[in-house]
file model_35.txt (compact mmCIF, C-alpha atoms)
# COMPACT_ATOMS: atom_id res chain seq x y z
CA MET G 22 -44.05 69.03 -3.51
CA PHE G 23 -43.82 69.60 0.24
CA ASP G 24 -45.79 71.95 2.43
CA ILE G 25 -45.68 72.83 6.12
CA SER G 26 -48.04 75.26 7.85
CA LYS G 27 -48.93 76.37 11.38
CA HIS G 28 -52.55 76.49 12.46
CA GLU G 29 -54.53 77.61 15.49
CA GLY G 30 -54.61 75.33 18.48
CA GLY G 31 -50.98 74.29 18.27
CA ILE G 32 -51.31 72.20 15.13
CA VAL G 33 -48.69 71.98 12.39
CA ARG G 34 -49.72 70.29 9.15
CA ILE G 35 -47.17 68.71 6.84
CA ALA G 36 -48.05 67.48 3.38
CA GLY G 37 -46.50 65.89 0.30
CA ARG G 38 -42.96 64.55 0.10
CA PHE G 39 -40.59 65.45 2.95
CA ASP G 40 -37.22 64.65 1.40
CA ALA G 41 -33.72 66.01 2.02
CA ALA G 42 -34.33 68.97 -0.30
CA GLN G 43 -37.10 70.23 2.04
CA VAL G 44 -35.01 70.57 5.18
CA ASP G 45 -34.71 74.39 5.11
CA LYS G 46 -38.42 74.87 4.45
CA ALA G 47 -39.36 72.61 7.36
CA GLN G 48 -36.74 74.11 9.65
CA ALA G 49 -38.06 77.63 9.02
CA VAL G 50 -41.40 76.63 10.58
CA LEU G 51 -40.30 74.10 13.19
CA SER G 52 -37.70 76.48 14.64
CA THR G 53 -40.52 78.89 15.57
CA ILE G 54 -42.26 76.28 17.75
CA THR G 55 -41.63 76.84 21.46
CA THR G 56 -44.57 75.06 23.11
CA SER G 57 -46.12 71.59 22.80
CA CYS G 58 -47.91 71.00 19.54
CA VAL G 59 -49.40 68.35 17.30
CA ILE G 60 -47.88 67.56 13.92
CA ASP G 61 -50.59 66.30 11.59
CA PHE G 62 -49.21 63.83 9.02
CA LYS G 63 -52.58 63.25 7.31
CA ASP G 64 -51.44 64.57 3.93
CA LEU G 65 -47.81 63.47 4.18
CA GLU G 66 -47.00 60.75 1.64
CA TYR G 67 -43.32 60.25 2.28
CA ILE G 68 -40.50 61.09 4.67
CA SER G 69 -36.80 60.16 4.70
CA SER G 70 -34.07 60.32 7.34
CA ALA G 71 -33.63 64.05 6.69
CA GLY G 72 -37.17 64.72 7.90
CA LEU G 73 -36.75 62.37 10.83
CA GLY G 74 -33.61 64.27 11.82
CA ILE G 75 -35.38 67.64 11.96
CA LEU G 76 -38.29 66.24 13.98
CA PHE G 77 -35.83 64.61 16.37
CA ALA G 78 -33.89 67.87 16.85
CA THR G 79 -37.12 69.79 17.46
CA GLN G 80 -38.32 67.25 20.03
CA LYS G 81 -34.97 67.37 21.79
CA ARG G 82 -35.04 71.18 21.91
CA LEU G 83 -38.63 71.31 23.22
CA ARG G 84 -37.88 68.70 25.84
CA GLU G 85 -35.49 71.11 27.56
CA THR G 86 -38.52 73.21 28.55
CA ASN G 87 -40.83 70.23 29.22
CA GLN G 88 -42.67 70.69 25.93
CA LYS G 89 -43.16 68.07 23.20
CA LEU G 90 -44.39 67.22 19.73
CA THR G 91 -47.18 64.69 19.28
CA LEU G 92 -47.45 63.08 15.84
CA VAL G 93 -50.85 62.11 14.45
CA ASN G 94 -52.33 60.48 11.35
CA LEU G 95 -49.17 58.78 10.09
CA ASN G 96 -49.79 56.47 7.13
CA SER G 97 -48.77 52.84 7.57
CA HIS G 98 -45.50 53.14 5.59
CA ILE G 99 -44.37 56.18 7.54
CA ARG G 100 -45.34 54.49 10.82
CA ASP G 101 -43.17 51.51 9.84
CA ILE G 102 -40.19 53.79 9.27
CA PHE G 103 -40.75 55.45 12.65
CA ARG G 104 -40.89 52.03 14.30
CA ILE G 105 -37.69 50.84 12.60
CA ALA G 106 -35.93 54.04 13.71
CA ARG G 107 -37.45 53.50 17.19
CA PHE G 108 -38.96 56.96 17.07
CA ASP G 109 -41.85 55.40 18.98
CA LEU G 110 -39.53 55.86 22.00
CA ILE G 111 -39.10 59.54 21.23
CA PHE G 112 -42.57 60.67 20.17
CA GLU G 113 -46.14 60.00 21.14
CA ILE G 114 -47.49 58.65 17.86
CA GLU G 115 -51.13 58.26 16.96
CA GLY G 116 -52.00 56.60 13.65
CA PRO G 117 -55.22 56.74 11.68
CA LYS G 118 -57.77 54.36 13.10
CA ASN G 119 -58.12 52.54 9.77
CA GLY G 120 -54.34 52.46 9.15
CA MET Y 277 -34.60 52.36 -17.17
CA GLU Y 278 -31.55 54.60 -16.86
CA ARG Y 279 -31.11 58.26 -16.00
CA GLU Y 280 -28.32 60.67 -15.12
CA VAL Y 281 -28.98 63.25 -12.44
CA THR Y 282 -26.94 66.21 -11.26
CA ARG Y 283 -25.09 65.94 -7.96
CA ASP Y 284 -27.50 68.19 -6.13
CA LEU Y 285 -30.44 67.77 -3.76
CA SER Y 286 -32.67 69.41 -6.36
CA SER Y 287 -32.33 66.12 -8.29
CA LEU Y 288 -34.47 64.34 -5.69
CA GLU Y 289 -37.66 65.50 -7.39
CA GLN Y 290 -36.48 64.12 -10.73
CA ILE Y 291 -35.52 60.84 -9.06
CA ALA Y 292 -38.95 60.59 -7.41
CA GLU Y 293 -40.60 61.02 -10.81
CA MET Y 294 -38.34 58.37 -12.33
CA LEU Y 295 -39.17 55.92 -9.55
CA GLN Y 296 -42.87 56.65 -9.92
CA GLU Y 297 -42.74 55.88 -13.65
CA PHE Y 298 -40.78 52.68 -12.99
CA ALA Y 299 -43.16 51.60 -10.22
CA GLU Y 300 -46.18 52.10 -12.44
CA ASN Y 301 -44.60 50.15 -15.30
CA GLN Y 302 -43.72 47.34 -12.91
CA GLY Y 303 -47.00 47.42 -10.96
CA LEU Y 304 -45.17 47.70 -7.64
CA SER Y 305 -47.08 47.77 -4.33
CA GLU Y 306 -47.24 50.98 -2.30
CA ARG Y 307 -44.86 49.50 0.25
CA ASP Y 308 -42.34 48.52 -2.43
CA ARG Y 309 -42.56 52.03 -3.88
CA PHE Y 310 -42.04 53.70 -0.51
CA SER Y 311 -39.10 51.44 0.32
CA LEU Y 312 -37.40 52.05 -3.02
CA ALA Y 313 -37.91 55.81 -2.82
CA LEU Y 314 -36.41 55.90 0.67
CA ALA Y 315 -33.39 53.72 -0.12
CA VAL Y 316 -32.52 55.55 -3.34
CA GLU Y 317 -32.83 58.96 -1.68
CA GLU Y 318 -30.62 57.92 1.22
CA VAL Y 319 -27.90 56.55 -1.09
CA VAL Y 320 -27.97 59.60 -3.40
CA THR Y 321 -27.97 62.14 -0.56
CA ASN Y 322 -25.02 60.33 1.01
CA ILE Y 323 -23.09 60.59 -2.25
CA ILE Y 324 -23.91 64.32 -2.51
CA ARG Y 325 -22.95 65.01 1.12
CA HIS Y 326 -19.71 63.08 0.99
CA GLN Y 327 -18.52 64.50 -2.32
CA PRO Y 328 -20.23 67.87 -2.69
CA LYS Y 329 -17.48 69.46 -4.80
CA ASN Y 330 -17.45 66.89 -7.56
CA THR Y 331 -19.33 67.92 -10.67
CA THR Y 332 -20.02 64.66 -12.46
CA SER Y 333 -23.56 63.34 -12.73
CA ILE Y 334 -24.81 60.35 -10.77
CA ARG Y 335 -26.21 57.47 -12.84
CA LEU Y 336 -29.27 55.48 -11.80
CA ARG Y 337 -30.36 52.22 -13.34
CA LEU Y 338 -33.61 50.45 -12.45
CA ASP Y 339 -34.29 46.80 -13.29
CA GLY Y 340 -37.36 44.83 -12.38
CA SER Y 341 -38.58 41.26 -12.64
CA ALA Y 342 -41.58 39.43 -11.24
CA GLU Y 343 -39.61 38.60 -8.11
CA ARG Y 344 -37.48 41.61 -7.36
CA VAL Y 345 -36.35 45.12 -8.19
CA VAL Y 346 -32.72 46.17 -8.45
CA VAL Y 347 -31.46 49.76 -8.32
CA THR Y 348 -27.88 50.52 -9.27
CA VAL Y 349 -26.47 53.91 -8.24
CA VAL Y 350 -23.19 54.75 -9.98
CA ASP Y 351 -20.95 57.61 -8.84
CA PRO Y 352 -18.22 57.90 -11.49
CA ASP Y 353 -16.20 60.46 -9.52
CA SER Y 354 -16.05 58.97 -6.08
CA ALA Y 355 -13.81 58.47 -3.09
CA PHE Y 356 -14.20 55.13 -1.35
CA PHE Y 357 -17.27 55.23 0.84
CA ASP Y 358 -18.89 51.95 1.71
CA PRO Y 359 -22.36 52.55 3.14
CA THR Y 360 -22.74 48.87 3.99
CA ALA Y 361 -19.85 49.18 6.46
CA ALA Y 362 -21.48 51.98 8.44
CA LYS Y 363 -22.18 51.13 12.07
CA ASP Y 364 -25.82 51.01 13.01
CA PRO Y 365 -26.92 53.88 15.26
CA LYS Y 366 -28.07 52.99 18.79
CA VAL Y 367 -31.77 53.40 18.21
CA ASP Y 368 -32.92 51.93 21.51
CA LEU Y 369 -31.46 54.72 23.63
CA PRO Y 370 -33.76 57.21 25.38
CA ILE Y 371 -33.98 60.64 23.77
CA GLU Y 372 -31.56 62.30 26.17
CA GLU Y 373 -28.79 59.85 25.19
CA ARG Y 374 -29.66 59.46 21.56
CA LYS Y 375 -27.55 61.17 18.90
CA PRO Y 376 -28.85 62.53 15.60
CA GLY Y 377 -27.64 61.08 12.32
CA GLY Y 378 -26.77 57.68 10.95
CA LEU Y 379 -30.38 56.77 10.25
CA GLY Y 380 -30.25 56.98 6.45
CA ILE Y 381 -28.13 53.92 5.78
CA PHE Y 382 -29.69 52.09 8.74
CA LEU Y 383 -33.17 52.53 7.25
CA THR Y 384 -31.88 51.61 3.79
CA LYS Y 385 -30.52 48.31 5.07
CA ARG Y 386 -33.82 47.58 6.82
CA VAL Y 387 -36.13 48.28 3.87
CA MET Y 388 -33.93 46.53 1.28
CA ASP Y 389 -33.18 42.82 1.20
CA GLU Y 390 -29.64 43.39 -0.06
CA VAL Y 391 -27.27 46.38 -0.21
CA HIS Y 392 -23.95 45.92 -2.03
CA TYR Y 393 -21.07 48.31 -2.63
CA THR Y 394 -18.13 48.06 -5.00
CA PHE Y 395 -15.36 50.57 -5.72
CA HIS Y 396 -12.96 50.50 -8.62
CA ASP Y 397 -10.88 53.21 -10.33
CA GLY Y 398 -12.75 56.09 -8.70
CA THR Y 399 -16.19 54.69 -9.43
CA GLY Y 400 -18.45 53.73 -6.55
CA ILE Y 401 -21.41 51.47 -7.28
CA THR Y 402 -24.18 50.86 -4.75
CA THR Y 403 -26.70 48.14 -5.61
CA LEU Y 404 -30.04 47.90 -3.83
CA VAL Y 405 -32.18 44.78 -4.10
CA ARG Y 406 -35.71 44.36 -2.81
CA ARG Y 407 -37.87 41.27 -3.19
CA ARG Y 408 -41.27 42.35 -4.40
CA GLU Y 409 -44.31 41.93 -2.22
CA PRO Y 410 -46.61 39.23 -3.61
call {"tool": "encode", "arguments": {"input": "model_35.txt", "output": "structure tokens"}}
result
Amino acid sequence: MFDISKHEGGIVRIAGRFDAAQVDKAQAVLSTITTSCVIDFKDLEYISSAGLGILFATQKRLRETNQKLTLVNLNSHIRDIFRIARFDLIFEIEGPKNG
Amino acid sequence: MEREVTRDLSSLEQIAEMLQEFAENQGLSERDRFSLALAVEEVVTNIIRHQPKNTTSIRLRLDGSAERVVVTVVDPDSAFFDPTAAKDPKVDLPIEERKPGGLGIFLTKRVMDEVHYTFHDGTGITTLVRRREP
């Protein structure tokens, strides 16, 4: 189960399992983002390279107009994957304080 | 534990459930579970993307011991595709120079202790080994 939703204040929440079968669902929301926003990972359990690819493409697109995504509340496993992929060079990443 | 899954991304949910059942039976740590789920998904999605027209099922076999877990992914209708030979993407580049793609196998190699590939008579077999966390 994967869910993605836009909220007031430029926040996008993603939840569940973001695997390769969820690419279209995620793309439908992320493609509508045109200004800087925060992606809240609080309820995201899992992400694979497919999800990383969409986030990367969105960040690259936003960068052309000096906008960006900031990622917050990543769990420790997801943060490890982002570090291995060196997405810490591409995104501002804020983890949970107890993570 | 063994299962056959259809060669379609919709199988990922079934695979996740299989891995969950296996992880619970084996008492795997959260990190081991995450790593296995990631590696298996990346291998299976690569098989689907590289041979989307084939219709045969993909076979998964999971074996566990106190020291390690081993996942064997068998594609019985395969062209030669060795994921272990894939070049690592240049992950240290700044965003403007960085290219998308290539991360799946790269991450798989990083979260597994061993990744092996064999090919014989149209059957490709990828074996993933991870030493369990104490």
call {"tool": "residues_near_point", "arguments": {"input": "model_35.txt", "point": "(-22.8, 58.0, -7.5)", "cutoff": "9 Å", "atoms": "only C-alpha atoms", "output": "ChimeraX atom specification"}}
result
/Y:283,319-320,323-324,332-336,349-354,399-402
call {"tool": "write_last_selection", "arguments": {"input": "model_35.txt", "atoms": "C-alpha atoms", "output": "PDB file, keeping the file's coordinate frame"}}
result
ATOM      1  CA  ARG Y 283     -25.090  65.940  -7.960  1.00  0.00           C
ATOM      2  CA  VAL Y 319     -27.900  56.550  -1.090  1.00  0.00           C
ATOM      3  CA  VAL Y 320     -27.970  59.600  -3.400  1.00  0.00           C
ATOM      4  CA  ILE Y 323     -23.090  60.590  -2.250  1.00  0.00           C
ATOM      5  CA  ILE Y 324     -23.910  64.320  -2.510  1.00  0.00           C
ATOM      6  CA  THR Y 332     -20.020  64.660 -12.460  1.00  0.00           C
ATOM      7  CA  SER Y 333     -23.560  63.340 -12.730  1.00  0.00           C
ATOM      8  CA  ILE Y 334     -24.810  60.350 -10.770  1.00  0.00           C
ATOM      9  CA  ARG Y 335     -26.210  57.470 -12.840  1.00  0.00           C
ATOM     10  CA  LEU Y 336     -29.270  55.480 -11.800  1.00  0.00           C
ATOM     11  CA  VAL Y 349     -26.470  53.910  -8.240  1.00  0.00           C
ATOM     12  CA  VAL Y 350     -23.190  54.750  -9.980  1.00  0.00           C
ATOM     13  CA  ASP Y 351     -20.950  57.610  -8.840  1.00  0.00           C
ATOM     14  CA  PRO Y 352     -18.220  57.900 -11.490  1.00  0.00           C
ATOM     15  CA  ASP Y 353     -16.200  60.460  -9.520  1.00  0.00           C
ATOM     16  CA  SER Y 354     -16.050  58.970  -6.080  1.00  0.00           C
ATOM     17  CA  THR Y 399     -16.190  54.690  -9.430  1.00  0.00           C
ATOM     18  CA  GLY Y 400     -18.450  53.730  -6.550  1.00  0.00           C
ATOM     19  CA  ILE Y 401     -21.410  51.470  -7.280  1.00  0.00           C
ATOM     20  CA  THR Y 402     -24.180  50.860  -4.750  1.00  0.00           C
TER      21      THR Y 402
END
call {"tool": "interface_residues", "arguments": {"input": "model_35.txt", "of": "chain G", "to": "chain Y", "cutoff": "12 Å", "atoms": "only C-alpha atoms", "output": "PyMOL selection string"}}
result
chain G and resi 22-23+37-45+66-85+89+96-112
call {"tool": "residues_around", "arguments": {"input": "model_35.txt", "residues": "Glu297 (chain Y)", "least_positions_apart": "4", "cutoff": "12 Å", "atoms": "only C-alpha atoms", "output": "ChimeraX atom specification"}}
result
/Y:277-278,290-293,301-304,309,313,338
call {"tool": "closest_residue", "arguments": {"input": "model_35.txt", "among": "Y:Ala299, Y:Val281, Y:Thr360, Y:His396", "to": "Ser341 (chain Y)", "atoms": "only C-alpha atoms"}}
result
Y:Ala299
call {"tool": "closest_residue", "arguments": {"input": "model_35.txt", "among": "Y:Glu280, Y:Asp389, Y:His326, Y:Asp339", "to": "Phe298 (chain Y)", "atoms": "all atoms listed in the file"}}
result
Y:Asp339
call {"tool": "atom_distance", "arguments": {"input": "model_35.txt", "atom1": "CA of Thr91 (chain G)", "atom2": "CA of Ala49 (chain G)"}}
result
18.9 Å
call {"tool": "atom_distance", "arguments": {"input": "model_35.txt", "atom1": "CA of Val346 (chain Y)", "atom2": "CA of Asp358 (chain Y)"}}
result
18.1 Å
call {"tool": "closest_residue", "arguments": {"input": "model_35.txt", "among": "G:Thr53, G:Thr86, G:Ala47, G:Val59", "to": "Val33 (chain G)", "atoms": "all atoms listed in the file"}}
result
G:Val59
call {"tool": "residues_near_point", "arguments": {"input": "model_35.txt", "point": "(-47.1, 63.4, 18.1)", "cutoff": "7 Å", "atoms": "all atoms listed in the file", "output": "NGL selection string"}}
result
:G and (59-60 or 90-93 or 112-115)
call {"tool": "residues_around", "arguments": {"input": "model_35.txt", "residues": "Arg408 (chain Y)", "least_positions_apart": "4", "cutoff": "8 Å", "atoms": "only C-alpha atoms", "output": "JSON, numbers by chain"}}
result
{"Y": [304, 305, 308, 342, 343, 344, 345]}
call {"tool": "atom_distance", "arguments": {"input": "model_35.txt", "atom1": "CA of Asp64 (chain G)", "atom2": "CA of Ser26 (chain G)"}}
result
11.9 Å
call {"tool": "decode", "arguments": {"input": "model_35.txt", "residues": "chain Y", "atoms": "C-alpha atoms", "output": "PDB file, in the first residue's frame"}}
result
ATOM      1  CA  MET Y 277      10.267 -21.160   0.940  1.00  0.00           C
ATOM      2  CA  GLU Y 278       9.558 -21.066  -2.793  1.00  0.00           C
ATOM      3  CA  ARG Y 279       7.106 -19.100  -4.904  1.00  0.00           C
ATOM      4  CA  GLU Y 280       6.443 -18.372  -8.559  1.00  0.00           C
ATOM      5  CA  VAL Y 281       5.383 -14.868  -9.504  1.00  0.00           C
ATOM      6  CA  THR Y 282       4.171 -13.424 -12.787  1.00  0.00           C
ATOM      7  CA  ARG Y 283       6.543 -11.266 -14.805  1.00  0.00           C
ATOM      8  CA  ASP Y 284       4.786  -8.046 -13.931  1.00  0.00           C
ATOM      9  CA  LEU Y 285       5.298  -5.177 -11.490  1.00  0.00           C
ATOM     10  CA  SER Y 286       2.009  -6.091  -9.842  1.00  0.00           C
ATOM     11  CA  SER Y 287       3.908  -9.100  -8.415  1.00  0.00           C
ATOM     12  CA  LEU Y 288       5.905  -6.795  -6.136  1.00  0.00           C
ATOM     13  CA  GLU Y 289       3.121  -6.786  -3.549  1.00  0.00           C
ATOM     14  CA  GLN Y 290       3.058 -10.595  -3.492  1.00  0.00           C
ATOM     15  CA  ILE Y 291       6.851 -10.668  -3.169  1.00  0.00           C
ATOM     16  CA  ALA Y 292       6.725  -8.195  -0.265  1.00  0.00           C
ATOM     17  CA  GLU Y 293       4.231 -10.442   1.529  1.00  0.00           C
ATOM     18  CA  MET Y 294       6.418 -13.494   0.902  1.00  0.00           C
ATOM     19  CA  LEU Y 295       9.474 -11.717   2.293  1.00  0.00           C
ATOM     20  CA  GLN Y 296       7.503 -10.544   5.314  1.00  0.00           C
ATOM     21  CA  GLU Y 297       6.419 -14.111   6.091  1.00  0.00           C
ATOM     22  CA  PHE Y 298       9.983 -15.373   5.647  1.00  0.00           C
ATOM     23  CA  ALA Y 299      11.416 -12.573   7.817  1.00  0.00           C
ATOM     24  CA  GLU Y 300       8.981 -13.322  10.616  1.00  0.00           C
ATOM     25  CA  ASN Y 301       9.737 -17.055  10.491  1.00  0.00           C
ATOM     26  CA  GLN Y 302      13.455 -16.310  10.575  1.00  0.00           C
ATOM     27  CA  GLY Y 303      13.260 -13.508  13.153  1.00  0.00           C
ATOM     28  CA  LEU Y 304      15.180 -11.121  10.910  1.00  0.00           C
ATOM     29  CA  SER Y 305      16.076  -7.592  12.069  1.00  0.00           C
ATOM     30  CA  GLU Y 306      14.350  -4.587  10.508  1.00  0.00           C
ATOM     31  CA  ARG Y 307      17.537  -3.701   8.659  1.00  0.00           C
ATOM     32  CA  ASP Y 308      17.885  -7.222   7.250  1.00  0.00           C
ATOM     33  CA  ARG Y 309      14.249  -7.108   6.137  1.00  0.00           C
ATOM     34  CA  PHE Y 310      14.642  -3.744   4.436  1.00  0.00           C
ATOM     35  CA  SER Y 311      17.833  -4.823   2.689  1.00  0.00           C
ATOM     36  CA  LEU Y 312      16.305  -8.063   1.419  1.00  0.00           C
ATOM     37  CA  ALA Y 313      13.145  -6.328   0.199  1.00  0.00           C
ATOM     38  CA  LEU Y 314      15.208  -3.760  -1.689  1.00  0.00           C
ATOM     39  CA  ALA Y 315      17.598  -6.245  -3.300  1.00  0.00           C
ATOM     40  CA  VAL Y 316      14.852  -8.654  -4.385  1.00  0.00           C
ATOM     41  CA  GLU Y 317      12.742  -5.842  -5.844  1.00  0.00           C
ATOM     42  CA  GLU Y 318      15.680  -4.447  -7.797  1.00  0.00           C
ATOM     43  CA  VAL Y 319      16.582  -7.855  -9.268  1.00  0.00           C
ATOM     44  CA  VAL Y 320      12.974  -8.707 -10.180  1.00  0.00           C
ATOM     45  CA  THR Y 321      12.229  -5.296 -11.718  1.00  0.00           C
ATOM     46  CA  ASN Y 322      15.406  -5.579 -13.779  1.00  0.00           C
ATOM     47  CA  ILE Y 323      14.271  -8.947 -15.112  1.00  0.00           C
ATOM     48  CA  ILE Y 324      10.829  -7.520 -15.969  1.00  0.00           C
ATOM     49  CA  ARG Y 325      12.287  -4.431 -17.670  1.00  0.00           C
ATOM     50  CA  HIS Y 326      14.858  -6.328 -19.692  1.00  0.00           C
ATOM     51  CA  GLN Y 327      12.509  -9.073 -20.866  1.00  0.00           C
ATOM     52  CA  PRO Y 328       9.018  -7.578 -20.761  1.00  0.00           C
ATOM     53  CA  LYS Y 329       7.603  -9.728 -23.574  1.00  0.00           C
ATOM     54  CA  ASN Y 330       8.413 -13.089 -22.058  1.00  0.00           C
ATOM     55  CA  THR Y 331       5.500 -14.785 -20.374  1.00  0.00           C
ATOM     56  CA  THR Y 332       7.099 -17.320 -18.067  1.00  0.00           C
ATOM     57  CA  SER Y 333       6.917 -16.874 -14.312  1.00  0.00           C
ATOM     58  CA  ILE Y 334       9.893 -15.869 -12.199  1.00  0.00           C
ATOM     59  CA  ARG Y 335      10.820 -18.272  -9.385  1.00  0.00           C
ATOM     60  CA  LEU Y 336      11.963 -17.095  -5.964  1.00  0.00           C
ATOM     61  CA  ARG Y 337      13.557 -19.284  -3.337  1.00  0.00           C
ATOM     62  CA  LEU Y 338      14.385 -18.094   0.183  1.00  0.00           C
ATOM     63  CA  ASP Y 339      16.760 -19.947   2.500  1.00  0.00           C
ATOM     64  CA  GLY Y 340      17.817 -18.879   5.943  1.00  0.00           C
ATOM     65  CA  SER Y 341      20.228 -20.021   8.625  1.00  0.00           C
ATOM     66  CA  ALA Y 342      21.427 -18.492  11.871  1.00  0.00           C
ATOM     67  CA  GLU Y 343      24.224 -16.730  10.015  1.00  0.00           C
ATOM     68  CA  ARG Y 344      22.791 -15.666   6.692  1.00  0.00           C
ATOM     69  CA  VAL Y 345      19.883 -15.467   4.287  1.00  0.00           C
ATOM     70  CA  VAL Y 346      20.076 -16.495   0.650  1.00  0.00           C
ATOM     71  CA  VAL Y 347      17.598 -15.469  -2.051  1.00  0.00           C
ATOM     72  CA  THR Y 348      17.677 -17.201  -5.418  1.00  0.00           C
ATOM     73  CA  VAL Y 349      15.836 -15.514  -8.296  1.00  0.00           C
ATOM     74  CA  VAL Y 350      15.379 -17.785 -11.313  1.00  0.00           C
ATOM     75  CA  ASP Y 351      14.294 -16.478 -14.718  1.00  0.00           C
ATOM     76  CA  PRO Y 352      13.687 -19.575 -16.863  1.00  0.00           C
ATOM     77  CA  ASP Y 353      13.174 -17.582 -20.075  1.00  0.00           C
ATOM     78  CA  SER Y 354      16.058 -15.199 -20.076  1.00  0.00           C
ATOM     79  CA  ALA Y 355      18.611 -13.524 -22.295  1.00  0.00           C
ATOM     80  CA  PHE Y 356      22.040 -13.125 -20.762  1.00  0.00           C
ATOM     81  CA  PHE Y 357      22.008 -10.173 -18.407  1.00  0.00           C
ATOM     82  CA  ASP Y 358      24.588 -10.098 -15.673  1.00  0.00           C
ATOM     83  CA  PRO Y 359      23.652  -7.483 -13.075  1.00  0.00           C
ATOM     84  CA  THR Y 360      26.953  -7.986 -11.261  1.00  0.00           C
ATOM     85  CA  ALA Y 361      28.794  -6.682 -14.336  1.00  0.00           C
ATOM     86  CA  ALA Y 362      26.905  -3.384 -14.415  1.00  0.00           C
ATOM     87  CA  LYS Y 363      29.094  -0.320 -13.969  1.00  0.00           C
ATOM     88  CA  ASP Y 364      28.461   1.657 -10.825  1.00  0.00           C
ATOM     89  CA  PRO Y 365      26.817   5.038 -11.440  1.00  0.00           C
ATOM     90  CA  LYS Y 366      28.844   8.147 -10.568  1.00  0.00           C
ATOM     91  CA  VAL Y 367      27.037   9.023  -7.373  1.00  0.00           C
ATOM     92  CA  ASP Y 368      29.435  11.718  -6.210  1.00  0.00           C
ATOM     93  CA  LEU Y 369      28.619  14.113  -9.042  1.00  0.00           C
ATOM     94  CA  PRO Y 370      26.659  17.308  -8.350  1.00  0.00           C
ATOM     95  CA  ILE Y 371      23.017  17.258  -9.405  1.00  0.00           C
ATOM     96  CA  GLU Y 372      23.566  19.154 -12.643  1.00  0.00           C
ATOM     97  CA  GLU Y 373      26.003  16.487 -13.886  1.00  0.00           C
ATOM     98  CA  ARG Y 374      24.335  13.471 -12.394  1.00  0.00           C
ATOM     99  CA  LYS Y 375      22.351  11.105 -14.608  1.00  0.00           C
ATOM    100  CA  PRO Y 376      19.258   9.173 -13.546  1.00  0.00           C
ATOM    101  CA  GLY Y 377      19.285   5.383 -13.492  1.00  0.00           C
ATOM    102  CA  GLY Y 378      21.713   2.654 -12.576  1.00  0.00           C
ATOM    103  CA  LEU Y 379      20.963   2.889  -8.876  1.00  0.00           C
ATOM    104  CA  GLY Y 380      19.038  -0.370  -8.501  1.00  0.00           C
ATOM    105  CA  ILE Y 381      21.916  -2.781  -8.956  1.00  0.00           C
ATOM    106  CA  PHE Y 382      24.312  -0.378  -7.220  1.00  0.00           C
ATOM    107  CA  LEU Y 383      22.126  -0.358  -4.096  1.00  0.00           C
ATOM    108  CA  THR Y 384      21.659  -4.133  -4.314  1.00  0.00           C
ATOM    109  CA  LYS Y 385      25.412  -4.693  -4.276  1.00  0.00           C
ATOM    110  CA  ARG Y 386      25.770  -2.355  -1.301  1.00  0.00           C
ATOM    111  CA  VAL Y 387      23.063  -3.895   0.893  1.00  0.00           C
ATOM    112  CA  MET Y 388      23.978  -7.515   0.092  1.00  0.00           C
ATOM    113  CA  ASP Y 389      27.233  -9.206   1.059  1.00  0.00           C
ATOM    114  CA  GLU Y 390      27.311 -11.260  -2.139  1.00  0.00           C
ATOM    115  CA  VAL Y 391      25.547 -11.065  -5.518  1.00  0.00           C
ATOM    116  CA  HIS Y 392      26.134 -13.903  -7.995  1.00  0.00           C
ATOM    117  CA  TYR Y 393      24.817 -14.494 -11.501  1.00  0.00           C
ATOM    118  CA  THR Y 394      24.857 -17.610 -13.637  1.00  0.00           C
ATOM    119  CA  PHE Y 395      23.344 -18.223 -17.079  1.00  0.00           C
ATOM    120  CA  HIS Y 396      22.803 -21.561 -18.746  1.00  0.00           C
ATOM    121  CA  ASP Y 397      20.445 -22.726 -21.517  1.00  0.00           C
ATOM    122  CA  GLY Y 398      18.254 -19.630 -21.357  1.00  0.00           C
ATOM    123  CA  THR Y 399      17.942 -19.645 -17.582  1.00  0.00           C
ATOM    124  CA  GLY Y 400      19.368 -16.753 -15.595  1.00  0.00           C
ATOM    125  CA  ILE Y 401      19.921 -17.245 -11.878  1.00  0.00           C
ATOM    126  CA  THR Y 402      20.728 -14.363  -9.531  1.00  0.00           C
ATOM    127  CA  THR Y 403      21.736 -15.291  -5.981  1.00  0.00           C
ATOM    128  CA  LEU Y 404      21.704 -12.730  -3.183  1.00  0.00           C
ATOM    129  CA  VAL Y 405      23.442 -13.411   0.123  1.00  0.00           C
ATOM    130  CA  ARG Y 406      23.257 -11.280   3.238  1.00  0.00           C
ATOM    131  CA  ARG Y 407      24.914 -12.048   6.557  1.00  0.00           C
ATOM    132  CA  ARG Y 408      22.356 -11.574   9.290  1.00  0.00           C
ATOM    133  CA  GLU Y 409      22.756  -8.834  11.840  1.00  0.00           C
ATOM    134  CA  PRO Y 410      23.575 -10.281  15.261  1.00  0.00           C
TER     135      PRO Y 410
END
